[in-house]
>>> print(open('data.pdb').read())   # PDB, C-alpha atoms
ATOM      1  CA  MET K   1     -35.429 -13.731 -87.485  1.00  0.00           C
ATOM      2  CA  ALA K   2     -36.687 -12.744 -84.022  1.00  0.00           C
ATOM      3  CA  GLU K   3     -40.277 -13.435 -83.180  1.00  0.00           C
ATOM      4  CA  THR K   4     -42.236 -10.448 -81.898  1.00  0.00           C
ATOM      5  CA  THR K   5     -45.172 -10.689 -79.555  1.00  0.00           C
ATOM      6  CA  ALA K   6     -48.011  -8.226 -79.905  1.00  0.00           C
ATOM      7  CA  LEU K   7     -48.601  -6.084 -76.845  1.00  0.00           C
ATOM      8  CA  LEU K   8     -51.933  -6.506 -75.107  1.00  0.00           C
ATOM      9  CA  THR K   9     -54.242  -3.685 -74.088  1.00  0.00           C
ATOM     10  CA  ALA K  10     -56.316  -3.256 -70.958  1.00  0.00           C
ATOM     11  CA  ASP K  11     -59.383  -4.132 -73.074  1.00  0.00           C
ATOM     12  CA  ASP K  12     -57.701  -7.377 -74.169  1.00  0.00           C
ATOM     13  CA  LEU K  13     -57.013  -8.218 -70.527  1.00  0.00           C
ATOM     14  CA  LEU K  14     -60.595  -7.479 -69.510  1.00  0.00           C
ATOM     15  CA  ARG K  15     -61.940  -9.788 -72.248  1.00  0.00           C
ATOM     16  CA  MET K  16     -59.640 -12.723 -71.450  1.00  0.00           C
ATOM     17  CA  PRO K  17     -61.511 -15.927 -70.610  1.00  0.00           C
ATOM     18  CA  ASP K  18     -61.319 -17.078 -67.006  1.00  0.00           C
ATOM     19  CA  ASP K  19     -58.714 -19.821 -66.888  1.00  0.00           C
ATOM     20  CA  GLY K  20     -58.373 -19.900 -63.099  1.00  0.00           C
ATOM     21  CA  TRP K  21     -55.350 -17.569 -62.976  1.00  0.00           C
ATOM     22  CA  ARG K  22     -55.043 -13.885 -62.112  1.00  0.00           C
ATOM     23  CA  TYR K  23     -53.232 -11.587 -64.513  1.00  0.00           C
ATOM     24  CA  GLU K  24     -51.847  -8.090 -64.526  1.00  0.00           C
ATOM     25  CA  LEU K  25     -50.490  -6.126 -67.453  1.00  0.00           C
ATOM     26  CA  ARG K  26     -47.109  -4.379 -67.407  1.00  0.00           C
ATOM     27  CA  ARG K  27     -46.409  -2.151 -70.403  1.00  0.00           C
ATOM     28  CA  GLY K  28     -48.570  -4.390 -72.597  1.00  0.00           C
ATOM     29  CA  GLU K  29     -47.041  -7.656 -71.390  1.00  0.00           C
ATOM     30  CA  LEU K  30     -49.156 -10.217 -69.564  1.00  0.00           C
ATOM     31  CA  ILE K  31     -48.030 -11.191 -66.051  1.00  0.00           C
ATOM     32  CA  LYS K  32     -49.420 -14.443 -64.676  1.00  0.00           C
ATOM     33  CA  MET K  33     -50.019 -14.208 -60.927  1.00  0.00           C
ATOM     34  CA  SER K  34     -49.867 -17.312 -58.772  1.00  0.00           C
ATOM     35  CA  PRO K  35     -52.403 -17.762 -55.967  1.00  0.00           C
ATOM     36  CA  THR K  36     -51.345 -16.246 -52.665  1.00  0.00           C
ATOM     37  CA  GLY K  37     -50.658 -18.096 -49.456  1.00  0.00           C
ATOM     38  CA  ALA K  38     -52.984 -18.129 -46.461  1.00  0.00           C
ATOM     39  CA  GLU K  39     -50.905 -15.614 -44.464  1.00  0.00           C
ATOM     40  CA  HIS K  40     -50.987 -13.165 -47.371  1.00  0.00           C
ATOM     41  CA  GLY K  41     -54.768 -13.454 -47.682  1.00  0.00           C
ATOM     42  CA  ASP K  42     -55.284 -13.108 -43.940  1.00  0.00           C
ATOM     43  CA  ILE K  43     -53.251  -9.893 -43.729  1.00  0.00           C
ATOM     44  CA  ALA K  44     -55.006  -8.356 -46.747  1.00  0.00           C
ATOM     45  CA  ALA K  45     -58.417  -9.339 -45.339  1.00  0.00           C
ATOM     46  CA  GLU K  46     -57.553  -7.863 -41.936  1.00  0.00           C
ATOM     47  CA  LEU K  47     -56.629  -4.497 -43.395  1.00  0.00           C
ATOM     48  CA  LEU K  48     -59.647  -4.520 -45.705  1.00  0.00           C
ATOM     49  CA  SER K  49     -61.975  -5.351 -42.781  1.00  0.00           C
ATOM     50  CA  LEU K  50     -60.598  -2.397 -40.787  1.00  0.00           C
ATOM     51  CA  LEU K  51     -60.412   0.133 -43.608  1.00  0.00           C
ATOM     52  CA  ARG K  52     -63.692  -0.464 -45.450  1.00  0.00           C
ATOM     53  CA  PRO K  53     -66.163   0.261 -42.600  1.00  0.00           C
ATOM     54  CA  TYR K  54     -64.015   3.194 -41.455  1.00  0.00           C
ATOM     55  CA  ALA K  55     -64.106   4.862 -44.890  1.00  0.00           C
ATOM     56  CA  LYS K  56     -67.755   3.985 -45.550  1.00  0.00           C
ATOM     57  CA  GLN K  57     -69.047   5.330 -42.230  1.00  0.00           C
ATOM     58  CA  ARG K  58     -67.245   8.642 -42.801  1.00  0.00           C
ATOM     59  CA  LYS K  59     -68.105   8.813 -46.520  1.00  0.00           C
ATOM     60  CA  LEU K  60     -64.414   9.228 -47.340  1.00  0.00           C
ATOM     61  CA  GLY K  61     -64.437   7.096 -50.494  1.00  0.00           C
ATOM     62  CA  ARG K  62     -64.441   3.476 -51.630  1.00  0.00           C
ATOM     63  CA  VAL K  63     -62.230   0.611 -50.529  1.00  0.00           C
ATOM     64  CA  PHE K  64     -61.605  -2.116 -53.085  1.00  0.00           C
ATOM     65  CA  ALA K  65     -60.494  -5.722 -52.605  1.00  0.00           C
ATOM     66  CA  ALA K  66     -57.790  -7.569 -54.504  1.00  0.00           C
ATOM     67  CA  GLU K  67     -58.688  -8.421 -58.085  1.00  0.00           C
ATOM     68  CA  THR K  68     -59.737  -4.795 -58.745  1.00  0.00           C
ATOM     69  CA  GLY K  69     -57.727  -3.632 -61.740  1.00  0.00           C
ATOM     70  CA  PHE K  70     -56.403  -0.086 -62.007  1.00  0.00           C
ATOM     71  CA  ARG K  71     -55.251   1.135 -65.424  1.00  0.00           C
ATOM     72  CA  LEU K  72     -52.087   2.974 -64.466  1.00  0.00           C
ATOM     73  CA  SER K  73     -50.855   3.879 -67.937  1.00  0.00           C
ATOM     74  CA  SER K  74     -51.781   3.574 -71.605  1.00  0.00           C
ATOM     75  CA  ASP K  75     -49.966   2.890 -74.879  1.00  0.00           C
ATOM     76  CA  PRO K  76     -48.625   0.469 -73.768  1.00  0.00           C
ATOM     77  CA  ASP K  77     -51.123  -0.341 -71.034  1.00  0.00           C
ATOM     78  CA  THR K  78     -50.290  -1.197 -67.446  1.00  0.00           C
ATOM     79  CA  VAL K  79     -53.024  -2.663 -65.236  1.00  0.00           C
ATOM     80  CA  ARG K  80     -52.260  -3.538 -61.622  1.00  0.00           C
ATOM     81  CA  ALA K  81     -54.496  -5.028 -58.925  1.00  0.00           C
ATOM     82  CA  PRO K  82     -53.351  -4.108 -55.411  1.00  0.00           C
ATOM     83  CA  ASP K  83     -54.347  -6.340 -52.501  1.00  0.00           C
ATOM     84  CA  VAL K  84     -56.338  -3.463 -50.953  1.00  0.00           C
ATOM     85  CA  SER K  85     -56.986  -0.026 -52.426  1.00  0.00           C
ATOM     86  CA  PHE K  86     -58.823   3.195 -51.651  1.00  0.00           C
ATOM     87  CA  VAL K  87     -60.220   5.935 -53.903  1.00  0.00           C
ATOM     88  CA  ARG K  88     -61.287   9.262 -52.349  1.00  0.00           C
ATOM     89  CA  ALA K  89     -64.949  10.274 -52.562  1.00  0.00           C
ATOM     90  CA  ASP K  90     -64.187  13.338 -54.704  1.00  0.00           C
ATOM     91  CA  ARG K  91     -62.759  11.021 -57.398  1.00  0.00           C
ATOM     92  CA  LEU K  92     -65.774   8.712 -57.528  1.00  0.00           C
ATOM     93  CA  PRO K  93     -68.113   9.032 -60.498  1.00  0.00           C
ATOM     94  CA  ALA K  94     -71.650  10.190 -59.845  1.00  0.00           C
ATOM     95  CA  GLY K  95     -73.743   7.053 -59.997  1.00  0.00           C
ATOM     96  CA  ARG K  96     -72.254   3.660 -60.705  1.00  0.00           C
ATOM     97  CA  ILE K  97     -68.675   2.498 -60.205  1.00  0.00           C
ATOM     98  CA  PRO K  98     -67.268   1.528 -63.636  1.00  0.00           C
ATOM     99  CA  PRO K  99     -67.590  -2.170 -64.517  1.00  0.00           C
ATOM    100  CA  THR K 100     -64.203  -1.996 -66.278  1.00  0.00           C
ATOM    101  CA  PHE K 101     -60.765  -1.307 -64.829  1.00  0.00           C
ATOM    102  CA  TRP K 102     -60.560   1.879 -62.774  1.00  0.00           C
ATOM    103  CA  PRO K 103     -59.121   4.666 -64.964  1.00  0.00           C
ATOM    104  CA  GLY K 104     -55.989   5.759 -63.132  1.00  0.00           C
ATOM    105  CA  ALA K 105     -54.333   4.937 -59.853  1.00  0.00           C
ATOM    106  CA  PRO K 106     -55.980   4.462 -56.471  1.00  0.00           C
ATOM    107  CA  ASP K 107     -55.168   7.123 -53.881  1.00  0.00           C
ATOM    108  CA  LEU K 108     -53.938   4.316 -51.622  1.00  0.00           C
ATOM    109  CA  ALA K 109     -52.500   1.028 -52.887  1.00  0.00           C
ATOM    110  CA  VAL K 110     -51.621  -1.783 -50.474  1.00  0.00           C
ATOM    111  CA  GLU K 111     -49.463  -4.710 -51.502  1.00  0.00           C
ATOM    112  CA  VAL K 112     -48.812  -7.668 -49.221  1.00  0.00           C
ATOM    113  CA  ASN K 113     -45.411  -9.016 -50.168  1.00  0.00           C
ATOM    114  CA  SER K 114     -45.507 -12.667 -51.266  1.00  0.00           C
ATOM    115  CA  PRO K 115     -42.595 -15.102 -50.910  1.00  0.00           C
ATOM    116  CA  SER K 116     -42.313 -15.181 -54.715  1.00  0.00           C
ATOM    117  CA  ASP K 117     -42.038 -11.354 -55.022  1.00  0.00           C
ATOM    118  CA  THR K 118     -38.550 -10.033 -55.646  1.00  0.00           C
ATOM    119  CA  ALA K 119     -37.386  -6.704 -54.243  1.00  0.00           C
ATOM    120  CA  ASP K 120     -37.138  -5.360 -57.813  1.00  0.00           C
ATOM    121  CA  GLU K 121     -40.724  -6.403 -58.617  1.00  0.00           C
ATOM    122  CA  VAL K 122     -42.066  -4.741 -55.466  1.00  0.00           C
ATOM    123  CA  SER K 123     -40.058  -1.589 -56.147  1.00  0.00           C
ATOM    124  CA  GLU K 124     -41.361  -1.500 -59.727  1.00  0.00           C
ATOM    125  CA  LYS K 125     -44.992  -1.796 -58.560  1.00  0.00           C
ATOM    126  CA  VAL K 126     -44.521   0.939 -55.958  1.00  0.00           C
ATOM    127  CA  GLY K 127     -43.043   3.208 -58.635  1.00  0.00           C
ATOM    128  CA  GLU K 128     -45.876   2.477 -61.068  1.00  0.00           C
ATOM    129  CA  TYR K 129     -48.536   3.369 -58.501  1.00  0.00           C
ATOM    130  CA  LEU K 130     -46.786   6.565 -57.449  1.00  0.00           C
ATOM    131  CA  ASP K 131     -46.001   7.639 -61.033  1.00  0.00           C
ATOM    132  CA  ALA K 132     -49.675   7.123 -61.933  1.00  0.00           C
ATOM    133  CA  GLY K 133     -50.887   9.334 -59.058  1.00  0.00           C
ATOM    134  CA  SER K 134     -51.211   7.239 -55.906  1.00  0.00           C
ATOM    135  CA  GLN K 135     -50.676   9.380 -52.816  1.00  0.00           C
ATOM    136  CA  LEU K 136     -49.509   6.497 -50.642  1.00  0.00           C
ATOM    137  CA  VAL K 137     -48.337   2.949 -51.284  1.00  0.00           C
ATOM    138  CA  VAL K 138     -48.190   0.568 -48.337  1.00  0.00           C
ATOM    139  CA  VAL K 139     -46.187  -2.639 -48.593  1.00  0.00           C
ATOM    140  CA  VAL K 140     -46.611  -5.258 -45.882  1.00  0.00           C
ATOM    141  CA  TYR K 141     -43.639  -7.598 -45.358  1.00  0.00           C
ATOM    142  CA  PRO K 142     -44.992 -10.652 -43.449  1.00  0.00           C
ATOM    143  CA  PRO K 143     -41.727 -12.556 -42.807  1.00  0.00           C
ATOM    144  CA  VAL K 144     -40.176  -9.605 -40.940  1.00  0.00           C
ATOM    145  CA  ARG K 145     -43.508  -8.234 -39.668  1.00  0.00           C
ATOM    146  CA  ARG K 146     -42.830  -4.762 -41.000  1.00  0.00           C
ATOM    147  CA  VAL K 147     -44.754  -2.250 -43.098  1.00  0.00           C
ATOM    148  CA  GLY K 148     -43.274   0.187 -45.609  1.00  0.00           C
ATOM    149  CA  LEU K 149     -44.993   3.452 -46.515  1.00  0.00           C
ATOM    150  CA  PHE K 150     -43.943   5.048 -49.812  1.00  0.00           C
ATOM    151  CA  TYR K 151     -44.800   8.617 -50.826  1.00  0.00           C
ATOM    152  CA  PRO K 152     -44.833  10.560 -54.139  1.00  0.00           C
ATOM    153  CA  ASP K 153     -41.902  12.752 -53.044  1.00  0.00           C
ATOM    154  CA  GLY K 154     -39.685   9.653 -52.929  1.00  0.00           C
ATOM    155  CA  SER K 155     -39.613   9.383 -49.155  1.00  0.00           C
ATOM    156  CA  ALA K 156     -40.394   6.195 -47.264  1.00  0.00           C
ATOM    157  CA  ARG K 157     -41.017   5.122 -43.675  1.00  0.00           C
ATOM    158  CA  PHE K 158     -40.792   1.661 -42.211  1.00  0.00           C
ATOM    159  CA  LEU K 159     -42.874   0.511 -39.263  1.00  0.00           C
ATOM    160  CA  THR K 160     -42.466  -2.406 -36.889  1.00  0.00           C
ATOM    161  CA  GLU K 161     -45.056  -4.267 -34.823  1.00  0.00           C
ATOM    162  CA  ASN K 162     -44.582  -1.687 -32.075  1.00  0.00           C
ATOM    163  CA  ASP K 163     -45.736   1.171 -34.334  1.00  0.00           C
ATOM    164  CA  THR K 164     -49.086   2.468 -35.536  1.00  0.00           C
ATOM    165  CA  LEU K 165     -50.039   2.442 -39.208  1.00  0.00           C
ATOM    166  CA  ASP K 166     -51.386   5.948 -39.891  1.00  0.00           C
ATOM    167  CA  LEU K 167     -52.901   6.595 -43.328  1.00  0.00           C
ATOM    168  CA  ASP K 168     -53.375  10.357 -42.874  1.00  0.00           C
ATOM    169  CA  PRO K 169     -53.941  12.438 -44.957  1.00  0.00           C
ATOM    170  CA  VAL K 170     -54.953   9.931 -47.664  1.00  0.00           C
ATOM    171  CA  VAL K 171     -57.523   8.277 -45.396  1.00  0.00           C
ATOM    172  CA  PRO K 172     -58.053  11.017 -42.798  1.00  0.00           C
ATOM    173  CA  GLY K 173     -57.892   9.789 -39.215  1.00  0.00           C
ATOM    174  CA  PHE K 174     -57.374   6.101 -40.001  1.00  0.00           C
ATOM    175  CA  ALA K 175     -54.820   4.380 -37.796  1.00  0.00           C
ATOM    176  CA  CYS K 176     -54.306   0.868 -36.456  1.00  0.00           C
ATOM    177  CA  PRO K 177     -51.535  -0.933 -34.605  1.00  0.00           C
ATOM    178  CA  VAL K 178     -49.197  -2.681 -37.043  1.00  0.00           C
ATOM    179  CA  ALA K 179     -49.304  -5.729 -34.760  1.00  0.00           C
ATOM    180  CA  GLU K 180     -53.036  -6.069 -35.517  1.00  0.00           C
ATOM    181  CA  LEU K 181     -52.215  -6.904 -39.151  1.00  0.00           C
ATOM    182  CA  PHE K 182     -50.218  -9.934 -38.005  1.00  0.00           C
ATOM    183  CA  ALA K 183     -52.505 -11.081 -35.156  1.00  0.00           C
TER
END
>>> encode(input="data.pdb", output="structure tokens")
Amino acid sequence: MAETTALLTADDLLRMPDDGWRYELRRGELIKMSPTGAEHGDIAAELLSLLRPYAKQRKLGRVFAAETGFRLSSDPDTVRAPDVSFVRADRLPAGRIPPTFWPGAPDLAVEVNSPSDTADEVSEKVGEYLDAGSQLVVVVYPPVRRVGLFYPDGSARFLTENDTLDLDPVVPGFACPVAELFA
């Protein structure tokens, strides 16, 4: 007789005791996330440090750091935590940001590809964000120093160090040299 494992919910994930690991939830199944390498953290921090003051000064919305969970789907639940994310001001609740997972997708999700990430895993995450309503998913590929931009219509663009990362219209007017992410 096959053993069945009960699917977890976003609430179950939120209540899990801190055991030193990060977790995401994919269709009710727990995904254990290993710590990232220094290069990964540096690239995510660089983009966060450029994007957050830009959005805040212009009152465009909120920029969130890694570890922020977004509930992308329910029954079964999927909760993902992009390395950097942005939610437009018109989607922010009046008053306090929710202490639980954000209900829905961020407008912008940024993933910095880790050496342990497979192409299928990255593609699946991109699809989950876009299917849940993200307007742009950016994937940074450190080994080849490239950036992929993925859109809801299924199109994609790839940038090299010689290009400029432009987040219009999701983050109006924001642009930075791709090379700056790898400096």
>>> atom_distance(input="data.pdb", atom1="atom CA of K:Val147", atom2="atom CA of K:Gly104")
24.3 Å
>>> atom_distance(input="data.pdb", atom1="atom CA of K:Ala55", atom2="atom CA of K:Tyr129")
20.7 Å
>>> atom_distance(input="data.pdb", atom1="atom CA of K:Gly61", atom2="atom CA of K:Phe150")
20.6 Å
>>> closest_residue(input="data.pdb", among="K:His40, K:Ala105, K:Phe174, K:Leu136", to="K:Gln57", atoms="only C-alpha atoms")
K:Phe174
>>> residues_near_point(input="data.pdb", point="(-55.5, -5.9, -47.4)", cutoff="12 Å", atoms="only C-alpha atoms", output="ChimeraX atom specification")
/K:39-52,63-67,81-86,108-113,138-140,181-182
>>> residues_around(input="data.pdb", residues="K:Leu92", least_positions_apart="5", cutoff="12 Å", atoms="only C-alpha atoms", output="compact mmCIF listing (two decimals) with C-alpha atoms, in the frame of the given file")
# COMPACT_ATOMS: atom_id res chain seq x y z
CA LYS K 59 -68.10 8.81 -46.52
CA LEU K 60 -64.41 9.23 -47.34
CA GLY K 61 -64.44 7.10 -50.49
CA ARG K 62 -64.44 3.48 -51.63
CA VAL K 63 -62.23 0.61 -50.53
CA PHE K 86 -58.82 3.20 -51.65
CA VAL K 87 -60.22 5.94 -53.90
CA ILE K 97 -68.68 2.50 -60.20
CA PRO K 98 -67.27 1.53 -63.64
CA TRP K 102 -60.56 1.88 -62.77
CA PRO K 103 -59.12 4.67 -64.96
CA GLY K 104 -55.99 5.76 -63.13
CA PRO K 106 -55.98 4.46 -56.47
CA ASP K 107 -55.17 7.12 -53.88
>>> residues_around(input="data.pdb", residues="K:Met33", least_positions_apart="6", cutoff="10 Å", atoms="only C-alpha atoms", output="PyMOL selection string")
chain K and resi 21-24+116
>>> resolve_selection(input="data.pdb", expression="the PyMOL selection byres ((chain K and resi 74) around 10)", output="list in words")
Thr9, Ala10, Arg27, Gly28, Arg71, Leu72, Ser73, Asp75, Pro76, Asp77, Thr78, Val79, Pro103 and Gly104 of chain K
>>> closest_residue(input="data.pdb", among="K:Arg80, K:Ala119, K:Thr36, K:Val171", to="K:Arg58", atoms="all atoms listed in the file")
K:Val171
>>> residues_near_point(input="data.pdb", point="(-42.1, -2.8, -37.4)", cutoff="12 Å", atoms="only C-alpha atoms", output="PyMOL selection string")
chain K and resi 139-149+157-165+177-182
>>> axis_aligned_box(input="data.pdb", around="stretch 15-26 of chain K", padding_each_side="6 Å", output="JSON")
{"center_x": -54.5, "center_y": -12.1, "center_z": -67.2, "size_x": 26.8, "size_y": 27.5, "size_z": 22.1}
>>> closest_residue(input="data.pdb", among="K:Ala89, K:Ala38, K:Ala132, K:Val122", to="K:Phe70", atoms="only C-alpha atoms")
K:Ala132
>>> build_atoms(input="data.pdb", residues="stretch 12-29 of chain K", atoms="N, CA and C atoms", output="short mmCIF file (atom, residue, chain, number, x, y, z; two decimals), in the coordinates of the input")
data_model
loop_
_atom_site.label_atom_id
_atom_site.label_comp_id
_atom_site.auth_asym_id
_atom_site.auth_seq_id
_atom_site.Cartn_x
_atom_site.Cartn_y
_atom_site.Cartn_z
N ASP K 12 -58.01 -5.96 -73.92
CA ASP K 12 -57.70 -7.38 -74.17
C ASP K 12 -57.70 -8.15 -72.85
N LEU K 13 -57.08 -7.57 -71.84
CA LEU K 13 -57.01 -8.22 -70.53
C LEU K 13 -58.40 -8.41 -69.94
N LEU K 14 -59.23 -7.42 -70.05
CA LEU K 14 -60.60 -7.48 -69.51
C LEU K 14 -61.43 -8.57 -70.19
N ARG K 15 -61.17 -8.80 -71.48
CA ARG K 15 -61.94 -9.79 -72.25
C ARG K 15 -61.37 -11.20 -72.18
N MET K 16 -60.24 -11.38 -71.51
CA MET K 16 -59.64 -12.72 -71.45
C MET K 16 -60.58 -13.70 -70.76
N PRO K 17 -60.67 -14.93 -71.27
CA PRO K 17 -61.51 -15.93 -70.61
C PRO K 17 -60.91 -16.31 -69.26
N ASP K 18 -61.76 -16.67 -68.33
CA ASP K 18 -61.32 -17.08 -67.01
C ASP K 18 -60.70 -18.47 -67.10
N ASP K 19 -59.40 -18.54 -66.85
CA ASP K 19 -58.71 -19.82 -66.89
C ASP K 19 -58.22 -20.24 -65.50
N GLY K 20 -58.73 -19.55 -64.47
CA GLY K 20 -58.37 -19.90 -63.10
C GLY K 20 -57.16 -19.15 -62.57
N TRP K 21 -56.51 -18.35 -63.40
CA TRP K 21 -55.35 -17.57 -62.98
C TRP K 21 -55.71 -16.09 -62.90
N ARG K 22 -54.94 -15.35 -62.13
CA ARG K 22 -55.04 -13.88 -62.11
C ARG K 22 -53.94 -13.34 -63.01
N TYR K 23 -54.22 -12.21 -63.64
CA TYR K 23 -53.23 -11.59 -64.51
C TYR K 23 -53.19 -10.09 -64.25
N GLU K 24 -52.02 -9.53 -64.47
CA GLU K 24 -51.85 -8.09 -64.53
C GLU K 24 -51.17 -7.80 -65.86
N LEU K 25 -51.09 -6.53 -66.19
CA LEU K 25 -50.49 -6.13 -67.45
C LEU K 25 -49.41 -5.10 -67.14
N ARG K 26 -48.21 -5.32 -67.61
CA ARG K 26 -47.11 -4.38 -67.41
C ARG K 26 -46.59 -3.97 -68.78
N ARG K 27 -46.84 -2.70 -69.11
CA ARG K 27 -46.41 -2.15 -70.40
C ARG K 27 -46.79 -3.09 -71.56
N GLY K 28 -48.04 -3.56 -71.53
CA GLY K 28 -48.57 -4.39 -72.60
C GLY K 28 -48.24 -5.86 -72.49
N GLU K 29 -47.42 -6.25 -71.53
CA GLU K 29 -47.04 -7.66 -71.39
C GLU K 29 -47.83 -8.30 -70.25
#
